[in-house]
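Trainee: Sharing data_23.cif below, mmCIF, C-alpha atoms, pLDDT in the B column; chains and numbers go by the auth columns:
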data_structure
#
loop_
_atom_site.group_PDB
_atom_site.id
_atom_site.type_symbol
_atom_site.label_atom_id
_atom_site.label_comp_id
_atom_site.label_asym_id
_atom_site.label_seq_id
_atom_site.Cartn_x
_atom_site.Cartn_y
_atom_site.Cartn_z
_atom_site.B_iso_or_equiv
_atom_site.auth_seq_id
_atom_site.auth_asym_id
ATOM 1 C CA MET A 1 160.124 167.147 155.915 32.00 1 A
ATOM 2 C CA PHE A 2 161.742 166.114 152.638 41.00 2 A
ATOM 3 C CA LEU A 3 162.049 162.349 152.447 44.00 3 A
ATOM 4 C CA LEU A 4 163.645 162.191 149.020 49.00 4 A
ATOM 5 C CA PRO A 5 166.984 163.723 150.076 51.00 5 A
ATOM 6 C CA ARG A 6 167.223 161.172 152.886 52.00 6 A
ATOM 7 C CA ARG A 7 166.515 158.362 150.402 52.00 7 A
ATOM 8 C CA LEU A 8 169.097 159.646 147.951 52.00 8 A
ATOM 9 C CA ARG A 9 171.699 160.131 150.690 54.00 9 A
ATOM 10 C CA ALA A 10 171.130 156.524 151.715 58.00 10 A
ATOM 11 C CA LEU A 11 171.783 155.432 148.132 53.00 11 A
ATOM 12 C CA PHE A 12 175.125 157.239 148.126 55.00 12 A
ATOM 13 C CA LYS A 13 176.155 155.387 151.309 56.00 13 A
ATOM 14 C CA LYS A 14 175.683 151.828 150.184 53.00 14 A
ATOM 15 C CA LYS A 15 176.927 149.111 152.538 51.00 15 A
ATOM 16 C CA LYS A 16 178.712 145.992 151.338 53.00 16 A
ATOM 17 C CA GLY A 17 176.770 142.794 151.790 54.00 17 A
ATOM 18 C CA ASP A 18 173.540 144.562 152.692 52.00 18 A
ATOM 19 C CA ASP A 19 170.785 143.155 150.455 50.00 19 A
ATOM 20 C CA GLU A 20 168.500 146.094 151.212 51.00 20 A
ATOM 21 C CA SER A 21 171.037 148.553 149.850 50.00 21 A
ATOM 22 C CA ARG A 22 170.813 147.230 146.305 52.00 22 A
ATOM 23 C CA ILE A 23 170.716 150.039 143.826 51.00 23 A
ATOM 24 C CA PHE A 24 168.375 149.657 140.913 59.00 24 A
ATOM 25 C CA LEU A 25 169.087 151.071 137.472 60.00 25 A
ATOM 26 C CA GLN A 26 166.806 154.073 137.994 66.00 26 A
ATOM 27 C CA ASP A 27 168.493 154.854 141.317 78.00 27 A
ATOM 28 C CA GLU A 28 171.899 154.722 139.612 81.00 28 A
ATOM 29 C CA GLN A 29 170.654 157.116 136.933 83.00 29 A
ATOM 30 C CA ILE A 30 169.436 159.550 139.599 83.00 30 A
ATOM 31 C CA ILE A 31 172.754 159.357 141.435 84.00 31 A
ATOM 32 C CA MET A 32 174.714 159.986 138.250 88.00 32 A
ATOM 33 C CA LEU A 33 172.476 162.917 137.374 86.00 33 A
ATOM 34 C CA VAL A 34 172.903 164.461 140.823 87.00 34 A
ATOM 35 C CA LYS A 35 176.673 164.015 140.688 89.00 35 A
ATOM 36 C CA LYS A 36 176.855 165.472 137.170 91.00 36 A
ATOM 37 C CA VAL A 37 174.763 168.533 138.046 89.00 37 A
ATOM 38 C CA ALA A 38 176.706 169.090 141.277 90.00 38 A
ATOM 39 C CA GLU A 39 179.996 168.933 139.391 93.00 39 A
ATOM 40 C CA GLN A 40 178.799 171.210 136.571 93.00 40 A
ATOM 41 C CA GLN A 41 177.466 173.802 138.990 93.00 41 A
ATOM 42 C CA GLY A 42 180.265 173.516 141.544 94.00 42 A
ATOM 43 C CA ARG A 43 177.787 172.674 144.293 93.00 43 A
ATOM 44 C CA SER A 44 177.442 169.889 146.800 90.00 44 A
ATOM 45 C CA GLU A 45 175.329 166.847 146.005 87.00 45 A
ATOM 46 C CA GLU A 46 173.224 167.717 149.060 88.00 46 A
ATOM 47 C CA GLU A 47 172.349 171.134 147.584 90.00 47 A
ATOM 48 C CA VAL A 48 171.413 169.589 144.238 87.00 48 A
ATOM 49 C CA ILE A 49 169.269 166.934 145.931 85.00 49 A
ATOM 50 C CA THR A 50 167.493 169.630 147.932 88.00 50 A
ATOM 51 C CA ASP A 51 166.822 171.674 144.779 88.00 51 A
ATOM 52 C CA PHE A 52 165.553 168.610 142.898 85.00 52 A
ATOM 53 C CA THR A 53 163.273 167.766 145.805 85.00 53 A
ATOM 54 C CA LYS A 54 161.888 171.291 145.999 88.00 54 A
ATOM 55 C CA ALA A 55 161.282 171.324 142.246 84.00 55 A
ATOM 56 C CA GLY A 56 159.466 167.989 142.451 82.00 56 A
ATOM 57 C CA TRP A 57 157.386 169.192 145.378 86.00 57 A
ATOM 58 C CA ASN A 58 156.457 172.380 143.529 84.00 58 A
ATOM 59 C CA GLN A 59 155.455 170.361 140.478 84.00 59 A
ATOM 60 C CA LEU A 60 153.320 168.048 142.619 84.00 60 A
ATOM 61 C CA GLN A 61 151.602 171.049 144.218 87.00 61 A
ATOM 62 C CA HIS A 62 150.956 172.551 140.773 86.00 62 A
ATOM 63 C CA ILE A 63 149.422 169.298 139.516 87.00 63 A
ATOM 64 C CA THR A 64 147.268 169.037 142.640 90.00 64 A
ATOM 65 C CA GLU A 65 146.106 172.625 142.170 93.00 65 A
ATOM 66 C CA LEU A 66 145.167 171.977 138.528 92.00 66 A
ATOM 67 C CA GLU A 67 143.224 168.855 139.541 93.00 67 A
ATOM 68 C CA GLU A 68 141.349 170.822 142.219 94.00 68 A
ATOM 69 C CA ARG A 69 140.475 173.501 139.681 96.00 69 A
ATOM 70 C CA TRP A 70 139.318 170.817 137.237 96.00 70 A
ATOM 71 C CA ASP A 71 137.091 169.344 139.949 95.00 71 A
ATOM 72 C CA SER A 72 135.565 172.790 140.555 97.00 72 A
ATOM 73 C CA LEU A 73 134.282 172.934 136.956 97.00 73 A
ATOM 74 C CA SER A 74 130.765 171.937 136.021 97.00 74 A
ATOM 75 C CA HIS A 75 130.424 168.956 133.726 96.00 75 A
ATOM 76 C CA ARG A 76 129.690 171.235 130.758 97.00 76 A
ATOM 77 C CA GLU A 77 132.745 173.367 131.567 98.00 77 A
ATOM 78 C CA GLN A 78 134.849 170.189 131.642 97.00 78 A
ATOM 79 C CA GLN A 79 133.512 169.281 128.215 97.00 79 A
ATOM 80 C CA VAL A 80 134.446 172.716 126.890 98.00 80 A
ATOM 81 C CA VAL A 81 137.945 172.400 128.371 97.00 81 A
ATOM 82 C CA ALA A 82 138.393 168.979 126.797 97.00 82 A
ATOM 83 C CA LEU A 83 137.316 170.218 123.387 97.00 83 A
ATOM 84 C CA ILE A 84 139.495 173.339 123.620 97.00 84 A
ATOM 85 C CA CYS A 85 142.485 171.167 124.557 96.00 85 A
ATOM 86 C CA LEU A 86 141.685 168.844 121.658 97.00 86 A
ATOM 87 C CA GLY A 87 142.110 171.826 119.343 96.00 87 A
ATOM 88 C CA HIS A 88 138.502 172.734 118.569 97.00 88 A
ATOM 89 C CA ARG A 89 137.467 176.333 117.976 97.00 89 A
ATOM 90 C CA ASN A 90 134.564 177.976 119.783 97.00 90 A
ATOM 91 C CA TYR A 91 132.095 177.594 116.926 97.00 91 A
ATOM 92 C CA GLN A 92 133.005 173.892 116.590 97.00 92 A
ATOM 93 C CA ILE A 93 132.470 173.354 120.314 97.00 93 A
ATOM 94 C CA ALA A 94 129.070 175.024 120.029 97.00 94 A
ATOM 95 C CA GLU A 95 128.128 172.637 117.215 97.00 95 A
ATOM 96 C CA ILE A 96 129.421 169.538 119.025 97.00 96 A
ATOM 97 C CA LEU A 97 127.677 170.390 122.309 97.00 97 A
ATOM 98 C CA VAL A 98 124.598 171.800 120.576 97.00 98 A
ATOM 99 C CA ILE A 99 124.803 175.126 122.395 97.00 99 A
ATOM 100 C CA ALA A 100 125.065 178.731 121.259 97.00 100 A
ATOM 101 C CA PRO A 101 128.537 180.148 120.526 96.00 101 A
ATOM 102 C CA GLU A 102 127.884 182.828 123.165 97.00 102 A
ATOM 103 C CA THR A 103 127.304 180.063 125.719 98.00 103 A
ATOM 104 C CA VAL A 104 130.715 178.606 124.841 98.00 104 A
ATOM 105 C CA LYS A 105 132.237 182.051 125.451 97.00 105 A
ATOM 106 C CA THR A 106 130.469 182.270 128.823 98.00 106 A
ATOM 107 C CA HIS A 107 131.752 178.829 129.814 98.00 107 A
ATOM 108 C CA LEU A 108 135.258 179.788 128.729 98.00 108 A
ATOM 109 C CA GLN A 109 135.191 182.961 130.798 98.00 109 A
ATOM 110 C CA ASN A 110 134.122 180.944 133.852 98.00 110 A
ATOM 111 C CA ILE A 111 136.896 178.410 133.138 98.00 111 A
ATOM 112 C CA PHE A 112 139.511 181.137 132.733 98.00 112 A
ATOM 113 C CA ASP A 113 138.404 182.674 136.031 97.00 113 A
ATOM 114 C CA LYS A 114 138.590 179.330 137.864 97.00 114 A
ATOM 115 C CA PHE A 115 142.021 178.527 136.399 96.00 115 A
ATOM 116 C CA ASN A 116 143.253 182.127 136.692 96.00 116 A
ATOM 117 C CA LEU A 117 144.073 182.208 132.976 97.00 117 A
ATOM 118 C CA ARG A 118 143.334 184.620 130.153 97.00 118 A
ATOM 119 C CA SER A 119 143.072 182.564 126.986 97.00 119 A
ATOM 120 C CA SER A 120 142.426 179.204 125.395 96.00 120 A
ATOM 121 C CA ARG A 121 146.109 179.062 124.507 97.00 121 A
ATOM 122 C CA GLU A 122 147.084 179.405 128.173 97.00 122 A
ATOM 123 C CA LEU A 123 144.541 176.732 129.080 97.00 123 A
ATOM 124 C CA ARG A 124 145.943 174.312 126.490 97.00 124 A
ATOM 125 C CA LEU A 125 149.449 175.013 127.737 96.00 125 A
ATOM 126 C CA ALA A 126 148.515 174.481 131.405 94.00 126 A
ATOM 127 C CA LEU A 127 146.843 171.143 130.635 95.00 127 A
ATOM 128 C CA ARG A 128 149.129 169.948 127.832 94.00 128 A
ATOM 129 C CA ASP A 129 150.009 166.695 129.623 90.00 129 A
ATOM 130 C CA TRP A 130 146.398 165.630 130.164 93.00 130 A
ATOM 131 C CA ASN A 131 144.824 163.011 127.899 93.00 131 A
ATOM 132 C CA PHE A 132 141.603 164.657 126.787 94.00 132 A
ATOM 133 C CA ALA A 133 141.033 162.323 123.848 94.00 133 A
ATOM 134 C CA GLU A 134 140.527 159.434 126.253 92.00 134 A
ATOM 135 C CA TRP A 135 138.469 161.587 128.673 92.00 135 A
ATOM 136 C CA TRP A 136 136.234 162.822 125.850 94.00 136 A
ATOM 137 C CA GLU A 137 135.639 159.308 124.547 93.00 137 A
ATOM 138 C CA GLN A 138 134.653 158.065 128.032 92.00 138 A
ATOM 139 C CA ASP A 139 132.437 161.096 128.613 92.00 139 A
ATOM 140 C CA ARG A 140 130.592 160.548 125.338 90.00 140 A
ATOM 141 C CA GLN A 141 129.911 156.921 126.254 90.00 141 A
ATOM 142 C CA ALA A 142 128.567 157.814 129.705 82.00 142 A
#
Using structure tokens, write down the structure that the file contains.
Mentor:
Amino acid sequence: MFLLPRRLRALFKKKKGDDESRIFLQDEQIIMLVKKVAEQQGRSEEEVITDFTKAGWNQLQHITELEERWDSLSHREQQVVALICLGHRNYQIAEILVIAPETVKTHLQNIFDKFNLRSSRELRLALRDWNFAEWWEQDRQA
């Protein structure tokens, strides 16, 4: 099921003279990190690799879930999310989108429900790695 541990195990067992077993700089960094964590925690490299893989898988699932929730939003809700994440307040969003402040609140409640969140702060935190400045600029040009 987990391909990454198999790949990392293969890196640890490099064969002499085998061109395909070349280790690139990033691979060496991963190996050193795994060895360091295993040593610090008194665990096997296999256990550390498994934990890293599970953590990566969980992060990928979380990202996929956020993208699915984003796709479930209406275009106007996406605009509100973008503006919230760009640091605008509700009244500013209302002015920018030329809608009533109460409409912004309604959109936000729908967004919070779809993302299973309770506040604009939580929304900004959940989407902190997304580039809304670029999205907003493209949306305005469309």
Trainee: Compare A:Lys36, A:Trp136, A:Ser119, A:Gln59 by their minimum atom-to-atom distance to Gln78 in chain A, counting all atoms listed in the file, and give me the closest one.
Mentor: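 Result for the nearest residue to Gln78 in chain A: A:Trp136.
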Trainee: Could you tell me which residues the PyMOL selection byres ((chain A and resi 100-107) around 8) returns for this structure, as a PyMOL selection string?
Mentor: chain A and resi 76-77+80+90-91+93-95+98-99+108-111
Trainee: Quick check, in Å to one decimal: how far apart do CA of Ile31 in chain A and CA of Leu60 in chain A lie?
Mentor: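 For CA of Ile31 in chain A relative to CA of Leu60 in chain A, the distance reads 21.3 Å.
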Trainee: Evaluate the PyMOL selection byres ((chain A and resi 126) around 10) against this structure - the residues, as a VMD selection string, please.
Mentor: chain A and resid 62 to 63 66 85 115 117 120 to 125 127 to 130
Trainee: Identify all residues satisfying the PyMOL selection byres ((chain A and resi 139-142) around 12) in the given file; provide them as a list in words.
Mentor: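 Taken over the shown coordinates, the PyMOL selection byres ((chain A and resi 139-142) around 12) returns His75, Arg76, Gln78, Gln79, Val80, Ala82, Leu83, Ile96, Leu97, Phe132, Ala133, Glu134, Trp135, Trp136, Glu137 and Gln138 of chain A.
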Trainee: Calculate, to one decimal in Å, the centre and edge lengths of the box along x, y and z of the file that holds all listed atoms of range 108-112 of chain A with 4 Å of margin on each side, and present them as lines of an AutoDock Vina configuration file.
Mentor:
center_x = 136.8
center_y = 180.7
center_z = 131.3
size_x = 13.4
size_y = 12.6
size_z = 13.1
Trainee: In Å, rounded to a single decimal, give me how far CA of Val34 in chain A is from CA of Thr53 in chain A.
Mentor: 11.3 Å
Trainee: As an exercise, work out the distance from CA of Ser44 in chain A to CA of Met32 in chain A in Å and give it to one decimal place.
Mentor: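 Result for CA of Ser44 in chain A versus CA of Met32 in chain A: 13.4 Å, one decimal.
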Trainee: Using only C-alpha atoms, can you tell me which of A:Leu86, A:Val81, A:Ala38, A:Leu73 comes closest to Asp51 in chain A?
Mentor: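 Ranking A:Leu86, A:Val81, A:Ala38, A:Leu73 by distance to Asp51 in chain A, first place goes to A:Ala38.
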